[in-house]
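K.L.:
Below: one structure in structure tokens.
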Amino acid sequence: MDFTTLRTFVDVARLGSFADTAREQQLDPSSVSRTVASLEHELGVRLFQRTTRKLSLSEAGRAYLARISPLMDELEQAGEEALALSKGVNNHAQGTLRMTASVSFGIIQVAPILREFHRLHPQLKVELLLTDNNMNLINDRIDLAVRLGSQFEGDVVLTKLMRTRYRVCASPSYIAQNGSPKAPADLVKHRCLMLTLPEFRHEWHFKDNKGRVQSVSVDGDIIISNPLALRSCAIDGMGPVLLTDWLAKDAIADGTLVDLFPHYQATATSFDTGVWLLYPTRAYLPLKVRVMMDFLKSKWR
């Protein structure tokens with residue numbers, strides 16, 4: 001058996017379809033099916049259970065996949081490093097890095113530093129997929145994900161990029177017209193700008209410098225799915241808004257937004273939130289992932 005045969009088997013297991021694998025590899029579906037059948041014949045076991053509607057791994061197929069997947073990753077990485085060595089650029093990342101981030105974080109934080117990253121690693125292509133949906137790292141072939149939150153589930157490796165702090169802000173024009181809340185509890189008198197996520201739409205939590213926590217009921221008439229749009233509405237004077245510090249800090253610095261409660265920590269979920277780097281569990285971290293992780297960490301060190 002050769003590397004191509006094993007890669008075809010892994011891809012069929014990942015996608016659960018001969019047709020999808022053929023489409024991804026730009027092959028004829030019958031060719032993919034014959035490759036898997038040939039591997040089954042060589043091993044003497046049935047790797048997949050086939051029905052007219054479903055293709056799933058057999059028990060033997062699951063065991064085989066678990067043993068060869070780490071080896072496939074190492075072989076691919078060895079090939080990348082051998083290629084780099086053959087071109088006289090030892091330890092220089094090559095290939096394509098598929099990376100995902102939320103729309104707001106990707107636009108505000110990642111995109112502006114890609115020029116510098118590309119200058120440092122000119123032979124590495126970057127595919128940056130911006131979406132507020134959590135993509136499946138395996139099925140969507142994601143090498144590195146940047147996600148916001150407090151905890152994550154699944155068979156992934158994660159490392160914290162930076163801590164997140166939230167701020168409740170409003171524009172000077174809104175404050176001039178409606179007054180500034182003196183304390184978090186005063187937000188019940190204001191129509192706030194809301195994020196569509198359920199946990200952001202009913203209560204915001206505040207912690208003072210003595211560690212005392214209070215929850216404040218909030219409500220509003222403008223509910224938007226994207227934090228960038230919420231910031232724009234807040235700058236336009238439409239109401240108080242809860243924003244992450246990396247999204248609010250420039251507007252606060254130039255005076256287009258005012259931090260209403262600078263002496264409080266604020267959140268809609270947990271006070272222990274952050275920005276995390278996630279990548280699939282592997283025995284060997286690819287060079288292309290390592291250089292991007294190191295670069296991002298250097299920016300927020």
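We name chains A, B, ... following the order of the structure tokens; residues begin at 1 in each chain, and ligands are numbered from 1 as shown.
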Could you pull out the residues in region 45-135 of chain A that DSSP calls alpha helix (DSSP H) from the backbone, as an MDAnalysis selection string?

P.N.:
chainID A and resid 59:86 103:105 114:120

K.L.:
Those same residues - C-alpha atoms - I'd like them written as a CSV table (one decimal), in the first residue's frame.

P.N.:
```csv
chain,number,residue,atom,x,y,z
A,59,GLU,CA,-15.0,-1.8,14.1
A,60,ALA,CA,-11.8,-2.8,12.3
A,61,GLY,CA,-11.9,0.4,10.3
A,62,ARG,CA,-12.1,2.5,13.5
A,63,ALA,CA,-9.1,0.7,15.0
A,64,TYR,CA,-7.1,1.0,11.8
A,65,LEU,CA,-7.9,4.7,11.5
A,66,ALA,CA,-6.8,5.4,15.1
A,67,ARG,CA,-3.4,3.8,14.5
A,68,ILE,CA,-2.6,5.3,11.1
A,69,SER,CA,-3.9,8.9,11.5
A,70,PRO,CA,-1.0,10.1,13.7
A,71,LEU,CA,1.4,8.4,11.3
A,72,MET,CA,-0.2,10.2,8.3
A,73,ASP,CA,0.3,13.6,10.0
A,74,GLU,CA,3.9,12.8,10.7
A,75,LEU,CA,4.6,11.7,7.2
A,76,GLU,CA,3.0,14.8,5.8
A,77,GLN,CA,5.0,17.0,8.1
A,78,ALA,CA,8.2,15.1,7.2
A,79,GLY,CA,7.5,15.7,3.6
A,80,GLU,CA,7.0,19.5,4.2
A,81,GLU,CA,10.3,19.7,6.1
A,82,ALA,CA,12.2,17.6,3.5
A,83,LEU,CA,10.9,20.0,0.8
A,84,ALA,CA,12.1,23.0,2.8
A,85,LEU,CA,15.5,21.4,3.3
A,86,SER,CA,15.8,20.6,-0.3
A,103,VAL,CA,-15.7,37.7,12.0
A,104,SER,CA,-15.0,40.6,14.4
A,105,PHE,CA,-11.8,39.3,15.8
A,114,LEU,CA,-1.2,39.2,8.1
A,115,ARG,CA,1.1,41.5,6.0
A,116,GLU,CA,3.8,41.2,8.6
A,117,PHE,CA,3.3,37.4,8.9
A,118,HIS,CA,3.5,36.9,5.2
A,119,ARG,CA,6.7,38.9,5.1
A,120,LEU,CA,8.2,36.6,7.7
```

K.L.:
Just list the residues in region 26-216 of chain A DSSP gives strand (DSSP E or B) on the backbone, as a ChimeraX atom specification.

P.N.:
/A:48-50,55-57,95-101,124-130,144-149,156-164,166-170,193-195,203-207,213-216

K.L.:
Neighbouring residues of region 47-54 of chain A were defined as those with any atom within 12 Å, considering only C-alpha atoms; residues of the same chain fewer than 5 positions away were excluded. Please report them as a list in words.

P.N.:
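Residues near the query, excluding close chain neighbours: Leu6, Phe9, Val10, Val12, Ala13, Leu15, Gly16, Ser17, Phe18, Ala19, Ser33, Thr35, Val36, Ala37, Ser38, Leu39, Glu40, His41, Glu42, Glu59, Ala60, Gly61, Arg62, Ala63, Tyr64 and Leu65 of chain A.
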
K.L.:
The selected residues should be written to file as a tab-separated table (two decimals), in the first residue's frame (atoms: C-alpha atoms).

P.N.:
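And here's result.tsv as it stands now:
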```
chain	number	residue	atom	x	y	z
A	6	LEU	CA	-3.90	5.56	2.99
A	9	PHE	CA	-8.94	5.95	3.27
A	10	VAL	CA	-8.47	8.68	5.91
A	12	VAL	CA	-13.28	8.83	3.20
A	13	ALA	CA	-13.43	8.17	6.97
A	15	LEU	CA	-15.99	12.88	5.10
A	16	GLY	CA	-18.12	9.74	5.30
A	17	SER	CA	-18.61	9.64	1.55
A	18	PHE	CA	-16.86	8.34	-1.56
A	19	ALA	CA	-18.43	11.15	-3.62
A	33	SER	CA	-14.25	3.26	-4.20
A	35	THR	CA	-8.88	2.34	-3.90
A	36	VAL	CA	-10.68	1.57	-0.64
A	37	ALA	CA	-11.75	-1.86	-1.89
A	38	SER	CA	-8.15	-2.62	-2.85
A	39	LEU	CA	-6.95	-1.62	0.63
A	40	GLU	CA	-9.61	-3.84	2.23
A	41	HIS	CA	-8.51	-6.75	0.04
A	42	GLU	CA	-4.86	-6.22	0.94
A	59	GLU	CA	-14.96	-1.78	14.14
A	60	ALA	CA	-11.80	-2.83	12.33
A	61	GLY	CA	-11.89	0.40	10.31
A	62	ARG	CA	-12.07	2.54	13.46
A	63	ALA	CA	-9.12	0.69	14.99
A	64	TYR	CA	-7.09	1.01	11.78
A	65	LEU	CA	-7.87	4.73	11.46
```

K.L.:
So that I can check the surroundings of region 267-279 of chain A, please list as a ChimeraX atom specification every protein, DNA and RNA residue that reaches within 10 Å of it, counting only C-alpha atoms and ignoring chain neighbours fewer than 6 positions away.

P.N.:
/A:99-101,105,137-138,142-152,155-168,197-207,215-216,242-244,285,289,293,296-297

K.L.:
Please determine, counting only C-alpha atoms, which residue among A:Arg23, A:Arg98, A:Arg7, A:Arg231 has the shortest atom-to-atom distance to Arg141 (chain A).

P.N.:
A:Arg98

K.L.:
What is the distance, in Å and to one decimal place, between CA of Pro184 (chain A) and CA of Gly211 (chain A)?

P.N.:
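Calculated distance between CA of Pro184 (chain A) and CA of Gly211 (chain A) is 14.7 Å.
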
K.L.:
For the atom pair CA of Cys233 (chain A) and CA of Cys192 (chain A), what is the interatomic distance in Å to one decimal place?

P.N.:
10.6 Å

K.L.:
Which one of A:Ala266, A:Met194, A:Leu128, A:Leu247 sits closest to Asp219 (chain A) if you count only C-alpha atoms?

P.N.:
A:Met194

K.L.:
Choose the residue, out of A:Ile107, A:Leu193, A:Ala183, A:Ala234, that has the smallest atom-to-atom separation from Asp221 (chain A); count only C-alpha atoms.

P.N.:
A:Leu193

K.L.:
Please provide the set of residues having any atom within 9 Å of Gly95 (chain A), restricted to only C-alpha atoms, with same-chain residues fewer than 4 positions apart removed, written as a ChimeraX atom specification.

P.N.:
/A:80,123-126,288

K.L.:
Could you please determine the separation between CA of Leu187 (chain A) and CA of His263 (chain A) in Å, to one decimal place?

P.N.:
15.7 Å
